[in-house]
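Below is target-v9.txt, which holds compact mmCIF, N, CA and C atoms.
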# COMPACT_ATOMS: atom_id res chain seq x y z
N MET A 24 -165.21 -180.91 -49.15
CA MET A 24 -165.72 -182.23 -48.83
C MET A 24 -166.32 -182.90 -50.06
N ALA A 25 -166.90 -182.09 -50.95
CA ALA A 25 -167.46 -182.65 -52.18
C ALA A 25 -166.37 -183.28 -53.02
N ASP A 26 -165.17 -182.66 -53.07
CA ASP A 26 -164.05 -183.22 -53.82
C ASP A 26 -163.66 -184.57 -53.24
N ASN A 27 -163.62 -184.67 -51.91
CA ASN A 27 -163.30 -185.94 -51.27
C ASN A 27 -164.32 -187.01 -51.63
N ALA A 28 -165.59 -186.64 -51.65
CA ALA A 28 -166.64 -187.60 -51.98
C ALA A 28 -166.47 -188.10 -53.41
N ASN A 29 -166.17 -187.20 -54.35
CA ASN A 29 -165.96 -187.62 -55.74
C ASN A 29 -164.76 -188.53 -55.86
N LEU A 30 -163.69 -188.19 -55.17
CA LEU A 30 -162.51 -189.03 -55.24
C LEU A 30 -162.78 -190.39 -54.62
N GLU A 31 -163.53 -190.41 -53.54
CA GLU A 31 -163.84 -191.68 -52.89
C GLU A 31 -164.71 -192.55 -53.80
N ALA A 32 -165.65 -191.94 -54.49
CA ALA A 32 -166.54 -192.70 -55.36
C ALA A 32 -165.78 -193.26 -56.56
N ASP A 33 -164.80 -192.51 -57.07
CA ASP A 33 -164.03 -192.97 -58.22
C ASP A 33 -162.97 -193.98 -57.83
N SER A 34 -162.63 -194.01 -56.57
CA SER A 34 -161.55 -194.86 -56.11
C SER A 34 -162.04 -196.30 -55.95
N SER A 35 -161.20 -197.25 -56.36
CA SER A 35 -161.57 -198.65 -56.19
C SER A 35 -160.86 -199.26 -54.98
N SER A 36 -160.02 -198.47 -54.31
CA SER A 36 -159.23 -198.98 -53.19
C SER A 36 -159.70 -198.36 -51.88
N ASN A 37 -159.83 -199.20 -50.84
CA ASN A 37 -160.18 -198.69 -49.51
C ASN A 37 -159.07 -197.83 -48.94
N GLU A 38 -157.82 -198.11 -49.32
CA GLU A 38 -156.69 -197.35 -48.80
C GLU A 38 -156.82 -195.88 -49.16
N LYS A 39 -157.23 -195.59 -50.39
CA LYS A 39 -157.39 -194.20 -50.80
C LYS A 39 -158.51 -193.53 -50.01
N LYS A 40 -159.57 -194.24 -49.71
CA LYS A 40 -160.65 -193.66 -48.92
C LYS A 40 -160.15 -193.26 -47.54
N ILE A 41 -159.35 -194.11 -46.93
CA ILE A 41 -158.83 -193.82 -45.61
C ILE A 41 -157.89 -192.62 -45.66
N LYS A 42 -157.02 -192.59 -46.66
CA LYS A 42 -156.08 -191.48 -46.76
C LYS A 42 -156.79 -190.16 -46.97
N LEU A 43 -157.89 -190.17 -47.71
CA LEU A 43 -158.61 -188.93 -47.95
C LEU A 43 -159.29 -188.44 -46.69
N SER A 44 -159.64 -189.34 -45.79
CA SER A 44 -160.35 -188.95 -44.57
C SER A 44 -159.42 -188.66 -43.40
N GLU A 45 -158.17 -189.10 -43.44
CA GLU A 45 -157.26 -188.97 -42.30
C GLU A 45 -157.08 -187.54 -41.79
N PRO A 46 -156.89 -186.52 -42.63
CA PRO A 46 -156.68 -185.18 -42.06
C PRO A 46 -157.83 -184.72 -41.18
N ASP A 47 -159.06 -185.00 -41.59
CA ASP A 47 -160.20 -184.61 -40.76
C ASP A 47 -160.20 -185.36 -39.44
N ILE A 48 -159.92 -186.65 -39.49
CA ILE A 48 -159.91 -187.46 -38.27
C ILE A 48 -158.80 -186.99 -37.33
N ILE A 49 -157.62 -186.78 -37.85
CA ILE A 49 -156.49 -186.37 -37.02
C ILE A 49 -156.76 -185.02 -36.37
N SER A 50 -157.31 -184.07 -37.13
CA SER A 50 -157.56 -182.76 -36.54
C SER A 50 -158.62 -182.86 -35.44
N ASP A 51 -159.64 -183.70 -35.63
CA ASP A 51 -160.65 -183.88 -34.59
C ASP A 51 -160.05 -184.51 -33.34
N ILE A 52 -159.19 -185.50 -33.53
CA ILE A 52 -158.53 -186.15 -32.39
C ILE A 52 -157.63 -185.15 -31.69
N GLY A 53 -156.90 -184.34 -32.45
CA GLY A 53 -156.02 -183.33 -31.87
C GLY A 53 -156.78 -182.35 -31.02
N ARG A 54 -157.94 -181.91 -31.51
CA ARG A 54 -158.75 -180.96 -30.73
C ARG A 54 -159.24 -181.61 -29.45
N ALA A 55 -159.68 -182.85 -29.55
CA ALA A 55 -160.19 -183.54 -28.36
C ALA A 55 -159.07 -183.70 -27.34
N LYS A 56 -157.88 -184.04 -27.80
CA LYS A 56 -156.77 -184.21 -26.88
C LYS A 56 -156.40 -182.88 -26.24
N ASP A 57 -156.36 -181.81 -27.04
CA ASP A 57 -156.04 -180.49 -26.48
C ASP A 57 -157.05 -180.09 -25.41
N GLU A 58 -158.32 -180.31 -25.68
CA GLU A 58 -159.37 -179.97 -24.71
C GLU A 58 -159.22 -180.80 -23.45
N ASP A 59 -158.90 -182.08 -23.61
CA ASP A 59 -158.71 -182.95 -22.45
C ASP A 59 -157.50 -182.51 -21.63
N ILE A 60 -156.43 -182.16 -22.31
CA ILE A 60 -155.22 -181.72 -21.61
C ILE A 60 -155.48 -180.43 -20.85
N ILE A 61 -156.14 -179.48 -21.48
CA ILE A 61 -156.45 -178.21 -20.83
C ILE A 61 -157.34 -178.45 -19.61
N ALA A 62 -158.34 -179.31 -19.76
CA ALA A 62 -159.23 -179.61 -18.64
C ALA A 62 -158.47 -180.27 -17.49
N GLN A 63 -157.56 -181.18 -17.83
CA GLN A 63 -156.77 -181.83 -16.79
C GLN A 63 -155.86 -180.83 -16.09
N GLU A 64 -155.22 -179.94 -16.85
CA GLU A 64 -154.37 -178.92 -16.24
C GLU A 64 -155.18 -178.03 -15.30
N ASP A 65 -156.39 -177.67 -15.70
CA ASP A 65 -157.25 -176.85 -14.85
C ASP A 65 -157.59 -177.57 -13.55
N ARG A 66 -157.89 -178.88 -13.65
CA ARG A 66 -158.20 -179.65 -12.44
C ARG A 66 -157.00 -179.71 -11.51
N ILE A 67 -155.81 -179.90 -12.07
CA ILE A 67 -154.60 -179.97 -11.25
C ILE A 67 -154.34 -178.63 -10.58
N GLN A 68 -154.46 -177.54 -11.34
CA GLN A 68 -154.24 -176.21 -10.77
C GLN A 68 -155.24 -175.91 -9.66
N ASN A 69 -156.49 -176.29 -9.85
CA ASN A 69 -157.50 -176.06 -8.81
C ASN A 69 -157.20 -176.88 -7.56
N GLU A 70 -156.73 -178.10 -7.75
CA GLU A 70 -156.39 -178.94 -6.60
C GLU A 70 -155.21 -178.35 -5.83
N ILE A 71 -154.21 -177.85 -6.56
CA ILE A 71 -153.06 -177.22 -5.91
C ILE A 71 -153.50 -175.97 -5.15
N LYS A 72 -154.38 -175.17 -5.76
CA LYS A 72 -154.87 -173.95 -5.10
C LYS A 72 -155.60 -174.27 -3.81
N GLU A 73 -156.39 -175.34 -3.83
CA GLU A 73 -157.16 -175.71 -2.64
C GLU A 73 -156.28 -176.23 -1.51
N ASN A 74 -155.15 -176.88 -1.85
CA ASN A 74 -154.35 -177.56 -0.84
C ASN A 74 -153.05 -176.85 -0.47
N THR A 75 -152.66 -175.80 -1.20
CA THR A 75 -151.38 -175.16 -0.96
C THR A 75 -151.56 -173.65 -0.92
N SER A 76 -151.03 -173.03 0.13
CA SER A 76 -151.09 -171.57 0.22
C SER A 76 -150.02 -170.96 -0.68
N LEU A 77 -150.19 -169.69 -1.02
CA LEU A 77 -149.21 -169.02 -1.86
C LEU A 77 -147.84 -169.02 -1.22
N ILE A 78 -147.79 -168.63 0.05
CA ILE A 78 -146.56 -168.68 0.85
C ILE A 78 -146.91 -169.33 2.18
N GLY A 79 -146.17 -170.36 2.53
CA GLY A 79 -146.46 -171.09 3.75
C GLY A 79 -145.90 -170.41 4.99
N ALA A 80 -146.29 -170.93 6.12
CA ALA A 80 -145.78 -170.44 7.40
C ALA A 80 -144.33 -170.88 7.58
N LYS A 81 -143.64 -170.26 8.53
CA LYS A 81 -142.27 -170.64 8.82
C LYS A 81 -142.24 -172.08 9.33
N GLU A 82 -141.32 -172.86 8.77
CA GLU A 82 -141.14 -174.25 9.21
C GLU A 82 -139.66 -174.46 9.53
N ASP A 83 -139.42 -175.29 10.52
CA ASP A 83 -138.04 -175.65 10.84
C ASP A 83 -137.44 -176.44 9.67
N LEU A 84 -136.15 -176.32 9.46
CA LEU A 84 -135.50 -177.05 8.37
C LEU A 84 -135.61 -178.56 8.52
N SER A 85 -135.91 -179.02 9.71
CA SER A 85 -136.04 -180.47 9.91
C SER A 85 -137.18 -181.05 9.06
N SER A 86 -138.15 -180.21 8.70
CA SER A 86 -139.23 -180.70 7.83
C SER A 86 -138.67 -181.11 6.47
N LEU A 87 -137.62 -180.42 6.02
CA LEU A 87 -136.98 -180.82 4.76
C LEU A 87 -136.20 -182.12 4.91
N LEU A 88 -135.62 -182.31 6.09
CA LEU A 88 -134.91 -183.57 6.34
C LEU A 88 -135.87 -184.75 6.24
N GLU A 89 -137.08 -184.57 6.76
CA GLU A 89 -138.09 -185.62 6.68
C GLU A 89 -138.55 -185.83 5.24
N GLN A 90 -138.72 -184.74 4.51
CA GLN A 90 -139.19 -184.82 3.12
C GLN A 90 -138.18 -185.55 2.23
N TYR A 91 -136.89 -185.34 2.47
CA TYR A 91 -135.85 -185.94 1.64
C TYR A 91 -135.07 -187.01 2.42
N ALA A 92 -135.80 -187.79 3.19
CA ALA A 92 -135.17 -188.81 4.04
C ALA A 92 -134.39 -189.85 3.23
N ASP A 93 -134.79 -190.11 2.00
CA ASP A 93 -134.13 -191.14 1.19
C ASP A 93 -132.96 -190.62 0.36
N ASP A 94 -132.67 -189.33 0.43
CA ASP A 94 -131.64 -188.73 -0.41
C ASP A 94 -130.52 -188.16 0.45
N GLU A 95 -129.40 -188.86 0.54
CA GLU A 95 -128.30 -188.46 1.41
C GLU A 95 -127.66 -187.14 0.96
N VAL A 96 -127.61 -186.90 -0.34
CA VAL A 96 -127.02 -185.65 -0.85
C VAL A 96 -127.84 -184.46 -0.37
N TYR A 97 -129.17 -184.53 -0.51
CA TYR A 97 -130.04 -183.44 -0.03
C TYR A 97 -129.94 -183.30 1.48
N GLN A 98 -129.86 -184.42 2.17
CA GLN A 98 -129.75 -184.37 3.63
C GLN A 98 -128.51 -183.59 4.05
N GLN A 99 -127.38 -183.84 3.38
CA GLN A 99 -126.14 -183.13 3.71
C GLN A 99 -126.28 -181.64 3.42
N LYS A 100 -126.90 -181.28 2.30
CA LYS A 100 -127.09 -179.87 1.95
C LYS A 100 -128.00 -179.17 2.96
N ILE A 101 -129.02 -179.85 3.41
CA ILE A 101 -129.94 -179.27 4.40
C ILE A 101 -129.20 -179.05 5.72
N ARG A 102 -128.36 -180.00 6.09
CA ARG A 102 -127.57 -179.82 7.33
C ARG A 102 -126.66 -178.60 7.22
N GLU A 103 -126.07 -178.40 6.05
CA GLU A 103 -125.21 -177.23 5.84
C GLU A 103 -126.03 -175.94 5.90
N LEU A 104 -127.24 -175.96 5.37
CA LEU A 104 -128.12 -174.79 5.42
C LEU A 104 -128.49 -174.41 6.84
N ARG A 105 -128.56 -175.39 7.72
CA ARG A 105 -128.95 -175.13 9.11
C ARG A 105 -128.01 -174.14 9.79
N GLY A 106 -126.76 -174.08 9.31
CA GLY A 106 -125.81 -173.13 9.88
C GLY A 106 -126.09 -171.70 9.45
N ARG A 107 -126.79 -171.51 8.34
CA ARG A 107 -127.05 -170.17 7.81
C ARG A 107 -128.52 -169.76 7.89
N CYS A 108 -129.41 -170.72 7.89
CA CYS A 108 -130.86 -170.42 7.87
C CYS A 108 -131.52 -171.03 9.10
N ARG A 109 -132.53 -170.32 9.59
CA ARG A 109 -133.24 -170.81 10.76
C ARG A 109 -134.52 -171.54 10.40
N TYR A 110 -135.13 -171.14 9.30
CA TYR A 110 -136.41 -171.74 8.92
C TYR A 110 -136.57 -171.69 7.40
N VAL A 111 -137.64 -172.29 6.93
CA VAL A 111 -137.96 -172.32 5.50
C VAL A 111 -139.45 -172.04 5.35
N ARG A 112 -139.80 -171.44 4.24
CA ARG A 112 -141.21 -171.26 3.88
C ARG A 112 -141.43 -171.97 2.55
N LYS A 113 -142.48 -172.72 2.46
CA LYS A 113 -142.79 -173.39 1.19
C LYS A 113 -143.74 -172.51 0.38
N SER A 114 -143.62 -172.61 -0.93
CA SER A 114 -144.39 -171.78 -1.84
C SER A 114 -145.19 -172.66 -2.80
N ARG A 115 -146.34 -172.16 -3.23
CA ARG A 115 -147.18 -172.90 -4.18
C ARG A 115 -146.41 -173.09 -5.50
N PRO A 116 -146.27 -174.32 -5.98
CA PRO A 116 -145.50 -174.58 -7.20
C PRO A 116 -146.34 -174.35 -8.47
N ASP A 117 -146.52 -173.08 -8.82
CA ASP A 117 -147.41 -172.77 -9.94
C ASP A 117 -146.73 -172.02 -11.08
N GLY A 118 -145.42 -172.01 -11.10
CA GLY A 118 -144.71 -171.30 -12.16
C GLY A 118 -144.28 -169.91 -11.77
N ASN A 119 -144.88 -169.36 -10.74
CA ASN A 119 -144.49 -168.04 -10.24
C ASN A 119 -143.84 -168.14 -8.87
N CYS A 120 -143.55 -169.34 -8.43
CA CYS A 120 -143.09 -169.55 -7.07
C CYS A 120 -141.76 -168.84 -6.78
N PHE A 121 -140.84 -168.83 -7.74
CA PHE A 121 -139.56 -168.16 -7.48
C PHE A 121 -139.78 -166.67 -7.23
N PHE A 122 -140.52 -166.02 -8.13
CA PHE A 122 -140.72 -164.57 -8.02
C PHE A 122 -141.50 -164.22 -6.75
N ARG A 123 -142.52 -165.01 -6.44
CA ARG A 123 -143.32 -164.77 -5.25
C ARG A 123 -142.45 -164.95 -4.00
N SER A 124 -141.67 -166.02 -3.97
CA SER A 124 -140.83 -166.30 -2.81
C SER A 124 -139.75 -165.24 -2.64
N PHE A 125 -139.13 -164.84 -3.73
CA PHE A 125 -138.09 -163.81 -3.67
C PHE A 125 -138.68 -162.50 -3.16
N GLY A 126 -139.81 -162.09 -3.72
CA GLY A 126 -140.46 -160.85 -3.30
C GLY A 126 -140.87 -160.88 -1.84
N PHE A 127 -141.42 -162.01 -1.41
CA PHE A 127 -141.86 -162.15 -0.03
C PHE A 127 -140.65 -162.09 0.92
N ALA A 128 -139.59 -162.80 0.56
CA ALA A 128 -138.39 -162.80 1.41
C ALA A 128 -137.78 -161.41 1.48
N TYR A 129 -137.79 -160.69 0.37
CA TYR A 129 -137.24 -159.33 0.37
C TYR A 129 -138.07 -158.41 1.25
N MET A 130 -139.38 -158.53 1.16
CA MET A 130 -140.26 -157.71 2.02
C MET A 130 -140.04 -158.05 3.49
N GLU A 131 -139.88 -159.32 3.80
CA GLU A 131 -139.58 -159.72 5.18
C GLU A 131 -138.27 -159.10 5.65
N TYR A 132 -137.28 -159.12 4.78
CA TYR A 132 -135.99 -158.53 5.11
C TYR A 132 -136.13 -157.03 5.36
N LEU A 133 -136.87 -156.35 4.50
CA LEU A 133 -137.05 -154.90 4.67
C LEU A 133 -137.75 -154.57 5.98
N LEU A 134 -138.70 -155.39 6.37
CA LEU A 134 -139.40 -155.15 7.64
C LEU A 134 -138.49 -155.33 8.85
N SER A 135 -137.48 -156.15 8.71
CA SER A 135 -136.55 -156.36 9.83
C SER A 135 -135.38 -155.39 9.83
N ASP A 136 -135.16 -154.70 8.73
CA ASP A 136 -134.05 -153.75 8.61
C ASP A 136 -134.62 -152.38 8.21
N LYS A 137 -134.95 -151.59 9.21
CA LYS A 137 -135.63 -150.29 8.97
C LYS A 137 -134.75 -149.34 8.13
N GLU A 138 -133.45 -149.39 8.33
CA GLU A 138 -132.56 -148.51 7.55
C GLU A 138 -132.66 -148.83 6.06
N GLU A 139 -132.66 -150.11 5.72
CA GLU A 139 -132.80 -150.53 4.32
C GLU A 139 -134.18 -150.20 3.79
N LEU A 140 -135.19 -150.30 4.64
CA LEU A 140 -136.56 -150.01 4.24
C LEU A 140 -136.71 -148.55 3.80
N TYR A 141 -136.11 -147.64 4.56
CA TYR A 141 -136.26 -146.20 4.26
C TYR A 141 -135.23 -145.68 3.25
N ARG A 142 -134.33 -146.52 2.81
CA ARG A 142 -133.33 -146.11 1.84
C ARG A 142 -133.91 -145.91 0.50
Translate this file's structure into structure tokens.
Amino acid sequence: MADNANLEADSSSNEKKIKLSEPDIISDIGRAKDEDIIAQEDRIQNEIKENTSLIGAKEDLSSLLEQYADDEVYQQKIRELRGRCRYVRKSRPDGNCFFRSFGFAYMEYLLSDKEELYR
């Protein structure tokens, strides 16, 4: 910092003063933004935790029809799923939802198929 002060004192241009100070300002702004982003992510995650269970209860597929009422492509796919699936469970969207849902569905399957369970 002493070097910056000497350079600033010797400099006759305001532009050089600003350039000498920019790295400190940018790093401070970067830290503040990182802290703000982390805090916002924490608030969002807490809100999701409060409002969404890890694995939801069984729901009829018609709930998906209502959710995607404006999308005809999704509506057609949901209708096709109705021939193979009886219900759906929603999962908390936290980055682990696929693994949690897959594991839960597999455990449900094992409970309904005793031969597979004991294999």
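CA of Phe121 (chain A) is positioned 19.5 Å from CA of Ile67 (chain A).
Here CA of Val111 (chain A) stands at a distance of 4.7 Å from atom N of Glu82 (chain A).
Atom to atom, CA of Gly106 (chain A) and CA of Ser86 (chain A) stand 15.5 Å apart.
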Problem - DSSP-assigned helix (DSSP H, G or I) members of region 64-102 of chain A, reported as a list of chain:residue names - result: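 The helix (DSSP H, G or I) residues within region 64-102 of chain A come out as A:Glu64, A:Asp65, A:Arg66, A:Ile67, A:Gln68, A:Asn69, A:Glu70, A:Ile71, A:Lys72, A:Glu73, A:Asn74, A:Ser85, A:Ser86, A:Leu87, A:Leu88, A:Glu89, A:Gln90, A:Glu95, A:Val96, A:Tyr97, A:Gln98, A:Gln99, A:Lys100, A:Ile101, A:Arg102.
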Problem - Residues within 6.5 Å of Ile78 (chain A), all atoms listed in the file, excluding chain neighbours under 3 positions, as a PyMOL selection string - result: chain A and resi 75+112-115
Practice task
Please return, as an MDAnalysis selection string, all polymer residues that have at least one atom within 9 Å of the point (-134.0, -181.0, 10.2); use only C-alpha atoms and the file's own coordinate frame.
Solution key: chainID A and resid 83:89 98 101:102 105
Problem - Best match for closeness to Phe127 (chain A) among A:Tyr141, A:Ala80, A:Tyr97, A:Glu103, counting only C-alpha atoms - result: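 Nearest candidate to Phe127 (chain A) out of A:Tyr141, A:Ala80, A:Tyr97, A:Glu103: A:Ala80.
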